[in-house]
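Data block for my_file_29.txt (compact mmCIF, N, CA and C atoms):
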```txt
# COMPACT_ATOMS: atom_id res chain seq x y z
N MET H 19 162.09 58.05 155.26
CA MET H 19 162.19 58.95 154.13
C MET H 19 163.67 59.18 153.84
N ASP H 20 164.01 59.10 152.58
CA ASP H 20 165.39 59.24 152.13
C ASP H 20 165.83 60.71 152.20
N PRO H 21 166.98 60.98 152.83
CA PRO H 21 167.47 62.36 152.93
C PRO H 21 167.73 63.03 151.58
N SER H 22 167.80 62.24 150.52
CA SER H 22 168.03 62.84 149.19
C SER H 22 166.87 63.72 148.74
N VAL H 23 165.73 63.65 149.42
CA VAL H 23 164.59 64.49 149.05
C VAL H 23 164.70 65.90 149.64
N ILE H 24 165.68 66.13 150.48
CA ILE H 24 165.80 67.43 151.15
C ILE H 24 165.86 68.59 150.15
N PRO H 25 166.69 68.54 149.10
CA PRO H 25 166.71 69.69 148.17
C PRO H 25 165.36 69.95 147.49
N ALA H 26 164.68 68.90 147.09
CA ALA H 26 163.37 69.09 146.44
C ALA H 26 162.36 69.65 147.43
N LEU H 27 162.35 69.13 148.63
CA LEU H 27 161.43 69.62 149.66
C LEU H 27 161.77 71.07 150.00
N ALA H 28 163.04 71.39 150.11
CA ALA H 28 163.46 72.77 150.39
C ALA H 28 163.02 73.71 149.28
N ALA H 29 163.10 73.26 148.04
CA ALA H 29 162.68 74.09 146.91
C ALA H 29 161.19 74.38 146.97
N VAL H 30 160.40 73.38 147.32
CA VAL H 30 158.95 73.57 147.45
C VAL H 30 158.65 74.53 148.59
N ILE H 31 159.30 74.33 149.74
CA ILE H 31 159.09 75.21 150.89
C ILE H 31 159.49 76.63 150.55
N SER H 32 160.62 76.79 149.91
CA SER H 32 161.09 78.12 149.54
C SER H 32 160.10 78.82 148.61
N ALA H 33 159.57 78.08 147.65
CA ALA H 33 158.62 78.66 146.70
C ALA H 33 157.34 79.11 147.39
N ILE H 34 156.82 78.30 148.31
CA ILE H 34 155.55 78.70 148.94
C ILE H 34 155.77 79.80 149.96
N VAL H 35 156.88 79.74 150.69
CA VAL H 35 157.16 80.79 151.67
C VAL H 35 157.47 82.10 150.94
N GLY H 36 158.10 82.01 149.79
CA GLY H 36 158.43 83.18 148.99
C GLY H 36 157.26 83.75 148.22
N GLY H 37 156.12 83.11 148.29
CA GLY H 37 154.93 83.64 147.65
C GLY H 37 154.71 83.20 146.22
N ALA H 38 155.49 82.25 145.72
CA ALA H 38 155.39 81.83 144.32
C ALA H 38 154.02 81.26 143.98
N ALA H 39 153.35 80.66 144.93
CA ALA H 39 152.07 80.02 144.64
C ALA H 39 150.89 80.83 145.15
N GLY H 40 151.14 82.06 145.58
CA GLY H 40 150.06 82.94 146.01
C GLY H 40 149.26 82.37 147.17
N GLU H 41 147.97 82.56 147.10
CA GLU H 41 147.06 82.11 148.16
C GLU H 41 147.12 80.59 148.32
N ALA H 42 147.26 79.88 147.22
CA ALA H 42 147.36 78.43 147.30
C ALA H 42 148.61 78.02 148.08
N GLY H 43 149.68 78.78 147.94
CA GLY H 43 150.90 78.50 148.71
C GLY H 43 150.69 78.71 150.20
N LYS H 44 149.94 79.75 150.54
CA LYS H 44 149.63 79.99 151.96
C LYS H 44 148.84 78.81 152.52
N ASN H 45 147.89 78.33 151.72
CA ASN H 45 147.10 77.17 152.15
C ASN H 45 147.97 75.92 152.28
N ALA H 46 148.93 75.78 151.37
CA ALA H 46 149.84 74.63 151.45
C ALA H 46 150.67 74.70 152.72
N TRP H 47 151.15 75.89 153.08
CA TRP H 47 151.93 76.04 154.32
C TRP H 47 151.07 75.70 155.53
N THR H 48 149.84 76.17 155.53
CA THR H 48 148.91 75.86 156.63
C THR H 48 148.69 74.36 156.72
N SER H 49 148.57 73.72 155.57
CA SER H 49 148.41 72.27 155.54
C SER H 49 149.63 71.56 156.13
N LEU H 50 150.83 72.02 155.76
CA LEU H 50 152.05 71.42 156.27
C LEU H 50 152.16 71.60 157.78
N THR H 51 151.93 72.82 158.26
CA THR H 51 152.04 73.04 159.71
C THR H 51 150.98 72.25 160.47
N GLY H 52 149.81 72.08 159.86
CA GLY H 52 148.77 71.25 160.48
C GLY H 52 149.20 69.80 160.58
N LEU H 53 149.83 69.31 159.52
CA LEU H 53 150.34 67.93 159.52
C LEU H 53 151.39 67.75 160.62
N VAL H 54 152.29 68.70 160.74
CA VAL H 54 153.33 68.62 161.77
C VAL H 54 152.71 68.72 163.15
N ARG H 55 151.78 69.64 163.32
CA ARG H 55 151.13 69.84 164.63
C ARG H 55 150.41 68.57 165.10
N ARG H 56 149.67 67.93 164.19
CA ARG H 56 148.92 66.72 164.57
C ARG H 56 149.85 65.59 165.02
N ARG H 57 151.02 65.46 164.40
CA ARG H 57 151.93 64.36 164.73
C ARG H 57 152.88 64.68 165.88
N PHE H 58 153.32 65.96 165.97
CA PHE H 58 154.40 66.28 166.90
C PHE H 58 154.13 67.44 167.85
N GLY H 59 153.03 68.17 167.65
CA GLY H 59 152.68 69.24 168.56
C GLY H 59 153.17 70.62 168.15
N ASP H 60 152.78 71.60 168.95
CA ASP H 60 153.08 73.00 168.65
C ASP H 60 154.57 73.33 168.67
N ASP H 61 155.34 72.66 169.54
CA ASP H 61 156.78 72.94 169.59
C ASP H 61 157.45 72.59 168.26
N ALA H 62 157.01 71.52 167.63
CA ALA H 62 157.58 71.13 166.34
C ALA H 62 157.23 72.15 165.26
N VAL H 63 156.01 72.68 165.31
CA VAL H 63 155.62 73.72 164.35
C VAL H 63 156.48 74.95 164.55
N ALA H 64 156.67 75.34 165.80
CA ALA H 64 157.51 76.50 166.09
C ALA H 64 158.93 76.29 165.56
N ALA H 65 159.43 75.08 165.67
CA ALA H 65 160.79 74.79 165.20
C ALA H 65 160.91 74.96 163.69
N ILE H 66 159.91 74.51 162.94
CA ILE H 66 160.02 74.67 161.49
C ILE H 66 159.73 76.11 161.05
N GLU H 67 158.90 76.80 161.81
CA GLU H 67 158.59 78.19 161.45
C GLU H 67 159.74 79.14 161.76
N THR H 68 160.61 78.76 162.66
CA THR H 68 161.73 79.63 163.02
C THR H 68 163.06 79.17 162.41
N ALA H 69 163.02 78.16 161.57
CA ALA H 69 164.24 77.71 160.90
C ALA H 69 164.79 78.85 160.05
N GLN H 70 166.10 78.92 159.95
CA GLN H 70 166.75 80.01 159.22
C GLN H 70 166.56 79.91 157.72
N THR H 71 166.54 78.70 157.19
CA THR H 71 166.46 78.51 155.74
C THR H 71 165.46 77.41 155.40
N PRO H 72 164.96 77.39 154.17
CA PRO H 72 164.11 76.27 153.75
C PRO H 72 164.83 74.93 153.85
N GLU H 73 166.15 74.93 153.64
CA GLU H 73 166.91 73.69 153.75
C GLU H 73 166.88 73.15 155.18
N GLU H 74 167.00 74.05 156.16
CA GLU H 74 166.92 73.62 157.56
C GLU H 74 165.54 73.07 157.88
N THR H 75 164.52 73.74 157.36
CA THR H 75 163.15 73.26 157.57
C THR H 75 162.98 71.87 156.97
N ALA H 76 163.44 71.71 155.73
CA ALA H 76 163.32 70.42 155.05
C ALA H 76 164.07 69.33 155.80
N LYS H 77 165.28 69.64 156.25
CA LYS H 77 166.07 68.66 156.98
C LYS H 77 165.36 68.22 158.25
N SER H 78 164.80 69.17 158.98
CA SER H 78 164.06 68.86 160.20
C SER H 78 162.86 67.96 159.90
N LEU H 79 162.14 68.28 158.83
CA LEU H 79 160.97 67.48 158.47
C LEU H 79 161.37 66.06 158.07
N VAL H 80 162.44 65.94 157.30
CA VAL H 80 162.89 64.61 156.87
C VAL H 80 163.37 63.80 158.06
N GLU H 81 164.05 64.42 159.02
CA GLU H 81 164.47 63.70 160.22
C GLU H 81 163.26 63.16 160.97
N ARG H 82 162.22 63.96 161.08
CA ARG H 82 161.00 63.50 161.75
C ARG H 82 160.34 62.37 160.95
N ALA H 83 160.38 62.48 159.63
CA ALA H 83 159.78 61.46 158.77
C ALA H 83 160.53 60.14 158.86
N GLN H 84 161.81 60.18 159.13
CA GLN H 84 162.60 58.95 159.29
C GLN H 84 162.21 58.22 160.57
N GLU H 85 161.71 58.96 161.54
CA GLU H 85 161.32 58.37 162.82
C GLU H 85 159.86 57.93 162.83
N ASP H 86 159.06 58.44 161.92
CA ASP H 86 157.61 58.20 161.92
C ASP H 86 157.16 57.91 160.49
N VAL H 87 156.93 56.63 160.19
CA VAL H 87 156.61 56.20 158.83
C VAL H 87 155.34 56.87 158.31
N GLU H 88 154.33 56.94 159.15
CA GLU H 88 153.07 57.55 158.70
C GLU H 88 153.27 59.03 158.35
N PHE H 89 154.00 59.74 159.19
CA PHE H 89 154.30 61.14 158.89
C PHE H 89 155.09 61.22 157.58
N GLY H 90 156.04 60.33 157.38
CA GLY H 90 156.82 60.31 156.15
C GLY H 90 155.95 60.15 154.92
N GLN H 91 154.97 59.26 155.00
CA GLN H 91 154.05 59.07 153.88
C GLN H 91 153.23 60.32 153.63
N ASN H 92 152.75 60.93 154.69
CA ASN H 92 151.96 62.15 154.55
C ASN H 92 152.82 63.31 154.02
N LEU H 93 154.06 63.40 154.47
CA LEU H 93 154.95 64.44 153.99
C LEU H 93 155.28 64.24 152.51
N THR H 94 155.47 63.01 152.11
CA THR H 94 155.72 62.71 150.70
C THR H 94 154.53 63.13 149.84
N SER H 95 153.33 62.81 150.29
CA SER H 95 152.13 63.21 149.55
C SER H 95 152.01 64.73 149.49
N TRP H 96 152.24 65.39 150.61
CA TRP H 96 152.17 66.86 150.64
C TRP H 96 153.19 67.46 149.67
N THR H 97 154.40 66.94 149.68
CA THR H 97 155.46 67.47 148.81
C THR H 97 155.10 67.30 147.35
N THR H 98 154.60 66.14 146.98
CA THR H 98 154.22 65.87 145.59
C THR H 98 153.11 66.80 145.13
N GLU H 99 152.07 66.91 145.94
CA GLU H 99 150.94 67.77 145.58
C GLU H 99 151.35 69.24 145.52
N THR H 100 152.14 69.67 146.47
CA THR H 100 152.53 71.07 146.52
C THR H 100 153.53 71.41 145.41
N ALA H 101 154.40 70.49 145.07
CA ALA H 101 155.33 70.72 143.96
C ALA H 101 154.56 70.95 142.66
N ARG H 102 153.50 70.19 142.44
CA ARG H 102 152.66 70.40 141.25
C ARG H 102 152.03 71.77 141.28
N LEU H 103 151.53 72.17 142.42
CA LEU H 103 150.90 73.48 142.58
C LEU H 103 151.90 74.59 142.27
N VAL H 104 153.08 74.49 142.81
CA VAL H 104 154.10 75.52 142.59
C VAL H 104 154.49 75.56 141.12
N GLN H 105 154.64 74.41 140.50
CA GLN H 105 155.00 74.37 139.08
C GLN H 105 153.91 75.00 138.23
N ILE H 106 152.68 74.70 138.52
CA ILE H 106 151.56 75.26 137.75
C ILE H 106 151.53 76.77 137.90
N LYS H 107 151.75 77.25 139.09
CA LYS H 107 151.66 78.67 139.38
C LYS H 107 152.93 79.44 139.06
N HIS H 108 154.03 78.74 138.77
CA HIS H 108 155.30 79.43 138.70
C HIS H 108 156.16 79.00 137.51
N ASP H 109 155.53 78.77 136.37
CA ASP H 109 156.31 78.47 135.18
C ASP H 109 157.08 79.71 134.76
N VAL H 110 158.25 79.52 134.22
CA VAL H 110 159.11 80.62 133.83
C VAL H 110 159.46 80.48 132.36
N SER H 111 159.45 81.60 131.66
CA SER H 111 159.87 81.61 130.26
C SER H 111 160.89 82.72 130.09
N ASN H 112 162.07 82.36 129.60
CA ASN H 112 163.15 83.32 129.39
C ASN H 112 163.46 83.37 127.90
N THR H 113 163.65 84.58 127.36
CA THR H 113 163.95 84.72 125.94
C THR H 113 164.91 85.88 125.72
N ILE H 114 165.90 85.64 124.87
CA ILE H 114 166.73 86.71 124.35
C ILE H 114 166.54 86.64 122.84
N SER H 115 166.11 87.74 122.25
CA SER H 115 165.84 87.68 120.81
C SER H 115 165.99 89.06 120.18
N GLY H 116 165.65 89.11 118.93
CA GLY H 116 165.67 90.38 118.22
C GLY H 116 167.07 90.90 118.04
N ASP H 117 167.26 92.17 118.31
CA ASP H 117 168.55 92.82 118.12
C ASP H 117 169.40 92.82 119.39
N ALA H 118 169.14 91.89 120.29
CA ALA H 118 169.90 91.83 121.53
C ALA H 118 171.39 91.61 121.24
N ARG H 119 172.22 92.36 121.93
CA ARG H 119 173.67 92.21 121.80
C ARG H 119 174.21 91.84 123.18
N ILE H 120 174.65 90.63 123.32
CA ILE H 120 175.13 90.12 124.60
C ILE H 120 176.64 90.26 124.65
N THR H 121 177.15 90.95 125.66
CA THR H 121 178.59 91.15 125.78
C THR H 121 179.16 90.56 127.06
N GLY H 122 178.33 89.91 127.82
CA GLY H 122 178.80 89.32 129.07
C GLY H 122 177.94 88.13 129.42
N PRO H 123 178.12 87.62 130.61
CA PRO H 123 177.35 86.45 131.04
C PRO H 123 175.85 86.75 131.06
N VAL H 124 175.08 85.72 130.76
CA VAL H 124 173.62 85.81 130.82
C VAL H 124 173.13 84.65 131.64
N LEU H 125 172.19 84.92 132.51
CA LEU H 125 171.56 83.86 133.29
C LEU H 125 170.07 83.96 133.06
N GLN H 126 169.49 82.88 132.61
CA GLN H 126 168.04 82.82 132.49
C GLN H 126 167.59 81.64 133.34
N ALA H 127 166.70 81.92 134.29
CA ALA H 127 166.30 80.87 135.21
C ALA H 127 164.99 81.22 135.88
N GLY H 128 164.44 80.25 136.55
CA GLY H 128 163.30 80.47 137.43
C GLY H 128 163.85 80.73 138.82
N ASP H 129 163.36 79.97 139.79
CA ASP H 129 163.85 80.12 141.15
C ASP H 129 165.26 79.56 141.23
N ILE H 130 166.12 80.25 141.95
CA ILE H 130 167.49 79.80 142.16
C ILE H 130 167.69 79.63 143.65
N PHE H 131 168.14 78.47 144.04
CA PHE H 131 168.36 78.17 145.44
C PHE H 131 169.85 77.95 145.63
N GLY H 132 170.55 78.96 146.05
CA GLY H 132 171.97 78.86 146.24
C GLY H 132 172.70 79.96 145.50
N SER H 133 173.99 79.86 145.45
CA SER H 133 174.84 80.90 144.89
C SER H 133 174.95 80.77 143.37
N ILE H 134 175.27 81.89 142.75
CA ILE H 134 175.59 81.94 141.34
C ILE H 134 176.93 82.66 141.23
N ASN H 135 177.82 82.08 140.44
CA ASN H 135 179.14 82.68 140.30
C ASN H 135 179.53 82.67 138.83
N PHE H 136 179.76 83.85 138.27
CA PHE H 136 180.21 83.97 136.89
C PHE H 136 181.74 84.07 136.81
N GLY H 137 182.41 83.88 137.87
CA GLY H 137 183.87 83.98 137.88
C GLY H 137 184.33 85.28 138.51
N LYS H 138 185.57 85.62 138.25
CA LYS H 138 186.16 86.83 138.84
C LYS H 138 185.48 88.08 138.31
N SER H 139 185.28 89.03 139.20
CA SER H 139 184.75 90.33 138.77
C SER H 139 185.93 91.24 138.44
N SER H 140 185.69 92.19 137.57
CA SER H 140 186.77 93.09 137.13
C SER H 140 187.11 94.10 138.19
```

Show this structure as structure tokens.
Amino acid sequence: MDPSVIPALAAVISAIVGGAAGEAGKNAWTSLTGLVRRRFGDDAVAAIETAQTPEETAKSLVERAQEDVEFGQNLTSWTTETARLVQIKHDVSNTISGDARITGPVLQAGDIFGSINFGKSS
């Protein structure tokens, strides 16, 4: 599995852990931990559950997928299916309209993974 998938996988993990997909997200997490448990055991599940960030979790999963082709294929399928679920459950619509008067920076976004910087603060 190509390490370039880490950001996308981290985004999916962050969305489901953060509750973006509701009950379906909980089921997706259970599915992922089951996949890890079947291939690598309970210690591997504990490692991903105690990771500090979704990026660390994703990196750990991709490293395991590089060592185990079958796991990599299953992880790819899980990521694709779960990304669709998160997108369906978590569409975002941002609008500024009417008599709005904007005098400073505006950010309209869905989930943000990482820092946002509008420059120097006054």

Pick out the closest residue to Gly52 (chain H) from this set: H:Leu27, H:Val80, H:Ile66, H:Ile120. Count only C-alpha atoms.
-> H:Ile66

If you run DSSP on this backbone, which residues of chain H come out as helix (DSSP H, G or I), and could you give them as a count of residues only?
-> 77

Expressed in Å to a single decimal, how great is the separation between CA of Gln84 (chain H) and CA of Arg57 (chain H)?
->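 For CA of Gln84 (chain H) relative to CA of Arg57 (chain H), the distance reads 13.1 Å.
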
Can you work out the spacing between atom N of Ser111 (chain H) and CA of Val124 (chain H) in Å, to one decimal?
->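 Those two atoms sit 14.8 Å apart.
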
All residues 10 Å or closer to region 132-136 of chain H, only C-alpha atoms, same chain fewer than 5 positions away omitted, as a PyMOL selection string = chain H and resi 122-125
